[in-house]
Protein chains: 2
Amino acid sequence: MSSTSDIDKLIELMAKLPGLGPRSARRAVLHMIRKRALLLAPLAESMRIVAETARECLNCGNVGTTDVCDICTSEKRANGEICVVEDVADLWAMERSGVFKGRYHVLGGTLSALDSVGPEDLRIPRLRDRVETEHITEIILALNATVDGQTTAHYIADQLEGRVRLTSLAQGVPIGGELDYLDDGTISAAMRARKNI
Amino acid sequence: MSSTSDIDKLIELMAKLPGLGPRSARRAVLHMIRKRALLLAPLAESMRIVAETARECLNCGNVGTTDVCDICTSEKRANGEICVVEDVADLWAMERSGVFKGRYHVLGGTLSALDSVGPEDLRIPRLRDRVETEHITEIILALNATVDGQTTAHYIADQLEGRVRLTSLAQGVPIGGELDYLDDGTISAAMRARKNI
């Protein structure tokens with residue numbers, strides 16, 4: 001592997017991706033070299049394009065190829081609802097479910113005293129502006145059910161109280177979930193929020 | 001994600017890498033977009049270079065950036081020994097250990113009746129040629145300790161018998177291995193090949 005330094009460099013870069021270590025990076029690079037025309041060349045080109053065009057939506061923080069993302073520019077999605085998520089990955093998960101027809105607001109993280117992340121480090125001031133300018137009627141706080149996520153949800157709820165309807169995702173037993181494998185908190189929440197059949 | 005099709009395409013391509021599925025591909029792509037200058041752009045460039053320059057060594061089957069790889073052109077490695085491996089990944093593993101000072105021969109797989117892989121599908125005829133032309137004194141069969149690997153080793157040993165010294169890697173307890181976690185075959189092999197202290 002001495003002077004095959006281009007290949008070594010590619011392995012090194014691939015090993016920096018989340019979920020890949022040095023070993024799986026080597027495996028991936030060998031696989032790509034074997035499928036050069038079908039995989040390596042298209043990947044290189046696709047990465048070059050994304051590196052040039054990808055940007056954060058100035059309005060909501062979503063990742064796209066335009067200054068303002070497709071969801072923010074689509075008039076169909078202007079139904080007065082904003083779904084607040086931590087991360088673009090969460091936005092993508094919501095979009096895959098296809099259940100939400102409004103717009104999003106990506107915070108870019110959660111409040112955290114330990115990591116000294118304050119409201120101005122997230123997109124919370126921008127969310128307040130949007131409530132005024134976009135005729136928002138409902139804010140759905142779809143933050144993760146972690147301590148940091150829920151702390152952030154409470155903070156946002158405090159900030160916007162009285163100005164807009166505030167909701168959060170229901171908590172309960174996941175579809176296909178088995179009670180035996182669920183934690184006590186989830187079972188308690190599902191019990192408290194029980195509904196008539 | 002509708003018209004952010006460049007990003008979708010990148011995710012689709014990344015999901016084809018071994019060890020990555022759709023979910024981890026999305027995670028990797030988001031990570032790359034966040035680290036555009038440090039990771040995505042260099043990766044794109046590195047892949048483009050490798051896609052253009054990577055080739056199989058005409059002599060041994062190693063992957064490199066020249067027609068004949070560095071190991072085959074290095075006079076230092078011409079010590080009359082050839083280590084036969086299944087795959088370039090195995091060659092890399094041998095090189096990392098730094099214990100072998102000779103040259104390699106990458107078969108590109110193992111004989112397999114089920115998948116109809118015969119000797120001419122691997123680089124076995126080429127290996128026979130090399131034994132003649134490169135003044136080879138020893139062939140080390142470093143094939144995997146699987147049924148297919150060992151079948152292939154036996155076939156090559158049959159073909160080359162009497163023309164060159166044939167050896168194979170020792171079998172036994174791996175360094176740091178615990179007897180309790182080893183399979184019976186390994187323990188038997190280690191017992192039969194026991195040595196004086």
# chains A, B, ... in the order shown; residues from 1 in each chain; ligands from 1

$ residues_around --residues "Arg126 in chain A" --least-positions-apart "4" --cutoff "12 Å" --atoms "only C-alpha atoms" --output "ChimeraX atom specification"
/A:58-61,84,105-107,119-122,130-134,156

$ interface_residues --of "chain A" --to "chain B" --cutoff "8 Å" --atoms "only C-alpha atoms" --output "MDAnalysis selection string"
chainID A and resid 1:4 6:7 9:10 13:14 17:20 24 26:28 30:33 36:37 39:51 54 64:65 70 88:89 92 95

$ atom_distance --atom1 "CA of Gly149 in chain B" --atom2 "CA of Ser168 in chain B"
11.6 Å

$ residues_around --residues "Arg77 in chain A" --least-positions-apart "2" --cutoff "7 Å" --atoms "only C-alpha atoms" --output "CSV table (one decimal) with N, CA, C and O atoms, in the first residue's frame"
chain,number,residue,atom,x,y,z
A,71,ILE,N,-40.0,23.0,0.5
A,71,ILE,CA,-41.2,23.0,1.4
A,71,ILE,C,-41.6,24.4,1.7
A,71,ILE,O,-42.8,24.8,1.8
A,74,SER,N,-43.3,26.1,-1.3
A,74,SER,CA,-44.5,25.5,-1.8
A,74,SER,C,-45.7,26.1,-1.1
A,74,SER,O,-45.8,26.1,0.1
A,75,GLU,N,-46.6,26.7,-1.9
A,75,GLU,CA,-47.8,27.3,-1.4
A,75,GLU,C,-48.7,26.3,-0.7
A,75,GLU,O,-49.5,26.6,0.2
A,79,ASN,N,-50.2,25.9,5.4
A,79,ASN,CA,-51.5,25.7,6.0
A,79,ASN,C,-51.5,26.2,7.4
A,79,ASN,O,-52.4,25.8,8.2
A,101,LYS,N,-48.6,18.0,6.6
A,101,LYS,CA,-48.8,18.7,5.3
A,101,LYS,C,-48.3,20.2,5.4
A,101,LYS,O,-48.5,21.0,4.5
A,102,GLY,N,-47.8,20.6,6.6
A,102,GLY,CA,-47.4,22.0,6.8
A,102,GLY,C,-45.9,22.2,6.5
A,102,GLY,O,-45.3,21.4,5.7
A,103,ARG,N,-45.3,23.2,7.2
A,103,ARG,CA,-43.9,23.5,7.0
A,103,ARG,C,-43.1,23.1,8.2
A,103,ARG,O,-43.7,22.7,9.3

$ select_by_dssp --residues "range 124-191 of chain A" --states "helix (DSSP H, G or I)" --output "mmCIF file with N, CA, C and O atoms, in the first residue's frame"
data_model
loop_
_atom_site.group_PDB
_atom_site.id
_atom_site.type_symbol
_atom_site.label_atom_id
_atom_site.label_comp_id
_atom_site.auth_asym_id
_atom_site.auth_seq_id
_atom_site.Cartn_x
_atom_site.Cartn_y
_atom_site.Cartn_z
ATOM 1 N N ILE A 124 -34.225 29.442 17.429
ATOM 2 C CA ILE A 124 -35.428 29.790 18.179
ATOM 3 C C ILE A 124 -35.888 31.224 17.899
ATOM 4 O O ILE A 124 -37.089 31.453 17.687
ATOM 5 N N PRO A 125 -34.977 32.229 17.855
ATOM 6 C CA PRO A 125 -35.438 33.587 17.510
ATOM 7 C C PRO A 125 -36.132 33.627 16.140
ATOM 8 O O PRO A 125 -37.183 34.251 15.974
ATOM 9 N N ARG A 126 -35.551 32.902 15.186
ATOM 10 C CA ARG A 126 -36.139 32.832 13.833
ATOM 11 C C ARG A 126 -37.547 32.220 13.874
ATOM 12 O O ARG A 126 -38.428 32.635 13.124
ATOM 13 N N LEU A 127 -37.749 31.241 14.759
ATOM 14 C CA LEU A 127 -39.073 30.616 14.879
ATOM 15 C C LEU A 127 -40.099 31.647 15.353
ATOM 16 O O LEU A 127 -41.218 31.713 14.828
ATOM 17 N N ARG A 128 -39.688 32.491 16.312
ATOM 18 C CA ARG A 128 -40.578 33.550 16.813
ATOM 19 C C ARG A 128 -40.965 34.497 15.680
ATOM 20 O O ARG A 128 -42.129 34.869 15.539
ATOM 21 N N ASP A 129 -39.973 34.858 14.850
ATOM 22 C CA ASP A 129 -40.262 35.743 13.704
ATOM 23 C C ASP A 129 -41.268 35.094 12.767
ATOM 24 O O ASP A 129 -42.187 35.751 12.272
ATOM 25 N N ARG A 130 -41.070 33.788 12.511
ATOM 26 C CA ARG A 130 -41.932 33.112 11.543
ATOM 27 C C ARG A 130 -43.378 33.072 12.024
ATOM 28 O O ARG A 130 -44.306 33.176 11.225
ATOM 29 N N VAL A 131 -43.561 32.895 13.353
ATOM 30 C CA VAL A 131 -44.925 32.860 13.893
ATOM 31 C C VAL A 131 -45.663 34.150 13.528
ATOM 32 O O VAL A 131 -46.841 34.129 13.169
ATOM 33 N N GLU A 132 -44.941 35.295 13.586
ATOM 34 C CA GLU A 132 -45.546 36.590 13.248
ATOM 35 C C GLU A 132 -45.843 36.690 11.754
ATOM 36 O O GLU A 132 -46.948 37.039 11.348
ATOM 37 N N THR A 133 -44.817 36.378 10.924
ATOM 38 C CA THR A 133 -44.893 36.739 9.510
ATOM 39 C C THR A 133 -45.631 35.716 8.657
ATOM 40 O O THR A 133 -46.135 36.068 7.594
ATOM 41 N N VAL A 147 -34.279 14.020 27.573
ATOM 42 C CA VAL A 147 -34.323 15.123 28.544
ATOM 43 C C VAL A 147 -34.057 16.446 27.833
ATOM 44 O O VAL A 147 -34.822 17.412 27.984
ATOM 45 N N ASP A 148 -32.981 16.493 27.020
ATOM 46 C CA ASP A 148 -32.643 17.738 26.317
ATOM 47 C C ASP A 148 -33.761 18.157 25.361
ATOM 48 O O ASP A 148 -34.104 19.339 25.270
ATOM 49 N N GLY A 149 -34.311 17.176 24.641
ATOM 50 C CA GLY A 149 -35.390 17.483 23.697
ATOM 51 C C GLY A 149 -36.595 18.073 24.401
ATOM 52 O O GLY A 149 -37.159 19.088 23.962
ATOM 53 N N GLN A 150 -36.967 17.482 25.531
ATOM 54 C CA GLN A 150 -38.151 17.941 26.243
ATOM 55 C C GLN A 150 -37.904 19.282 26.931
ATOM 56 O O GLN A 150 -38.799 20.128 27.016
ATOM 57 N N THR A 151 -36.668 19.501 27.399
ATOM 58 C CA THR A 151 -36.321 20.804 27.987
ATOM 59 C C THR A 151 -36.494 21.895 26.931
ATOM 60 O O THR A 151 -37.071 22.958 27.193
ATOM 61 N N THR A 152 -35.983 21.604 25.726
ATOM 62 C CA THR A 152 -36.074 22.569 24.632
ATOM 63 C C THR A 152 -37.541 22.821 24.272
ATOM 64 O O THR A 152 -37.949 23.966 24.031
ATOM 65 N N ALA A 153 -38.344 21.755 24.263
ATOM 66 C CA ALA A 153 -39.765 21.902 23.945
ATOM 67 C C ALA A 153 -40.448 22.824 24.963
ATOM 68 O O ALA A 153 -41.216 23.717 24.589
ATOM 69 N N HIS A 154 -40.118 22.621 26.259
ATOM 70 C CA HIS A 154 -40.714 23.461 27.303
ATOM 71 C C HIS A 154 -40.314 24.922 27.113
ATOM 72 O O HIS A 154 -41.127 25.828 27.259
ATOM 73 N N TYR A 155 -39.047 25.143 26.782
ATOM 74 C CA TYR A 155 -38.556 26.511 26.598
ATOM 75 C C TYR A 155 -39.305 27.189 25.456
ATOM 76 O O TYR A 155 -39.789 28.318 25.592
ATOM 77 N N ILE A 156 -39.438 26.461 24.326
ATOM 78 C CA ILE A 156 -40.130 27.047 23.169
ATOM 79 C C ILE A 156 -41.592 27.307 23.504
ATOM 80 O O ILE A 156 -42.157 28.353 23.165
ATOM 81 N N ALA A 157 -42.213 26.355 24.205
ATOM 82 C CA ALA A 157 -43.618 26.520 24.596
ATOM 83 C C ALA A 157 -43.783 27.779 25.452
ATOM 84 O O ALA A 157 -44.719 28.569 25.257
ATOM 85 N N ASP A 158 -42.856 27.990 26.387
ATOM 86 C CA ASP A 158 -42.864 29.187 27.236
ATOM 87 C C ASP A 158 -42.818 30.463 26.409
ATOM 88 O O ASP A 158 -43.548 31.425 26.652
ATOM 89 N N GLN A 159 -41.921 30.468 25.426
ATOM 90 C CA GLN A 159 -41.688 31.646 24.597
ATOM 91 C C GLN A 159 -42.910 32.005 23.760
ATOM 92 O O GLN A 159 -43.168 33.177 23.487
ATOM 93 N N LEU A 160 -43.625 30.971 23.290
ATOM 94 C CA LEU A 160 -44.693 31.225 22.315
ATOM 95 C C LEU A 160 -46.082 31.179 22.935
ATOM 96 O O LEU A 160 -47.074 31.363 22.240
ATOM 97 N N LEU A 179 -45.138 -4.870 24.937
ATOM 98 C CA LEU A 179 -45.112 -4.242 26.265
ATOM 99 C C LEU A 179 -43.891 -4.671 27.049
ATOM 100 O O LEU A 179 -43.256 -3.871 27.735
ATOM 101 N N ASP A 180 -43.552 -5.973 26.926
ATOM 102 C CA ASP A 180 -42.463 -6.535 27.709
ATOM 103 C C ASP A 180 -41.138 -5.817 27.443
ATOM 104 O O ASP A 180 -40.255 -5.774 28.305
ATOM 105 N N TYR A 181 -40.999 -5.272 26.243
ATOM 106 C CA TYR A 181 -39.733 -4.643 25.881
ATOM 107 C C TYR A 181 -39.747 -3.129 26.057
ATOM 108 O O TYR A 181 -38.752 -2.465 25.790
ATOM 109 N N ASP A 184 -40.613 1.697 31.452
ATOM 110 C CA ASP A 184 -41.724 2.056 32.336
ATOM 111 C C ASP A 184 -42.335 3.385 31.948
ATOM 112 O O ASP A 184 -43.554 3.562 31.986
ATOM 113 N N GLY A 185 -41.502 4.338 31.576
ATOM 114 C CA GLY A 185 -41.995 5.684 31.233
ATOM 115 C C GLY A 185 -42.972 5.632 30.083
ATOM 116 O O GLY A 185 -44.019 6.288 30.129
ATOM 117 N N THR A 186 -42.640 4.844 29.051
ATOM 118 C CA THR A 186 -43.516 4.754 27.889
ATOM 119 C C THR A 186 -44.842 4.116 28.275
ATOM 120 O O THR A 186 -45.916 4.578 27.860
ATOM 121 N N ILE A 187 -44.775 3.053 29.074
ATOM 122 C CA ILE A 187 -46.022 2.373 29.484
ATOM 123 C C ILE A 187 -46.885 3.324 30.313
ATOM 124 O O ILE A 187 -48.101 3.433 30.105
ATOM 125 N N SER A 188 -46.255 4.059 31.249
ATOM 126 C CA SER A 188 -47.017 5.029 32.045
ATOM 127 C C SER A 188 -47.679 6.055 31.140
ATOM 128 O O SER A 188 -48.872 6.362 31.295
ATOM 129 N N ALA A 189 -46.912 6.595 30.186
ATOM 130 C CA ALA A 189 -47.454 7.628 29.297
ATOM 131 C C ALA A 189 -48.611 7.079 28.485
ATOM 132 O O ALA A 189 -49.650 7.740 28.306
ATOM 133 N N ALA A 190 -48.451 5.839 28.000
ATOM 134 C CA ALA A 190 -49.504 5.226 27.184
ATOM 135 C C ALA A 190 -50.764 4.983 28.019
ATOM 136 O O ALA A 190 -51.886 5.115 27.533
ATOM 137 N N MET A 191 -50.553 4.629 29.277
ATOM 138 C CA MET A 191 -51.676 4.369 30.180
ATOM 139 C C MET A 191 -52.429 5.665 30.471
ATOM 140 O O MET A 191 -53.654 5.713 30.391
#

$ select_by_dssp --residues "range 7-80 of chain A" --states "strand (DSSP E or B)" --output "count of residues only"
4
